[in-house]
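To start, the structure under review is shown below, and the notes come after it.
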Amino acid sequence: MLLNTITRCLLLSLVLLSACAQTGPRSPHARPVLYPNATLKHVGEAKAQDDMAGCMASANAAGLSPEEKNNEVAHGAAKGAAVGGTVGAVGALVNGRLEKSLEQGVKGAVVGGAVGAVASSFHERPNMTFRHFVQRCLADKGYEVIGWN
């Protein structure tokens, strides 16, 4: 029993850590990829990186965040609580424990809400307005953004 619990905790930890390490073009932590045009060749990679950091800082100063903030954690918690509560209550009823259905429903709602909140917290999405701001800023400096990575 203890070994089974430890195994589950380790697997959950690995899943959570892999979710934290989200990278690539769909990650809010991605950076612009520049086409090697005349401007980039003229100023060099170091200056281009400085300009990129400056454009990203300007976007932040304008109140934009690289990640879309849409209250997804609260929505996930509510969905998880609804599903968990329903499963707990129905499970008690199916097992013939009518007197325990409310208690099991509440317990299921608590667990489901917690799981829903944690799962939703790993669904980061890039803020496209932030990206368009940075791309425009870099274009004004003569760079060509061909993607994000």
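Here's how to read the names in the structure tokens: chain A, B, ... by the order shown, residue numbers from 1 in each chain, ligand numbers from 1 in the order shown.
By chain and then residue number, the residues within 9 Å of stretch 42-54 of chain A are Arg31, Pro32, Leu34, Asn37, Ala59, Val134, Cys137, Leu138, Lys141 and Tyr143 of chain A, counting only C-alpha atoms and disregarding those fewer than 5 positions away in sequence.
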So which residues touch A:Ser65 within 12 Å, counting only C-alpha atoms, skipping near sequence neighbours fewer than 5 positions away, as a ChimeraX atom specification?
/A:28-29,56-60,70,124-134
Report the distance between atom CA of A:Ala30 and atom CA of A:Trp148 in Å, rounded to one decimal place.
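One can read the atom CA of A:Ala30 to atom CA of A:Trp148 distance as 5.8 Å.
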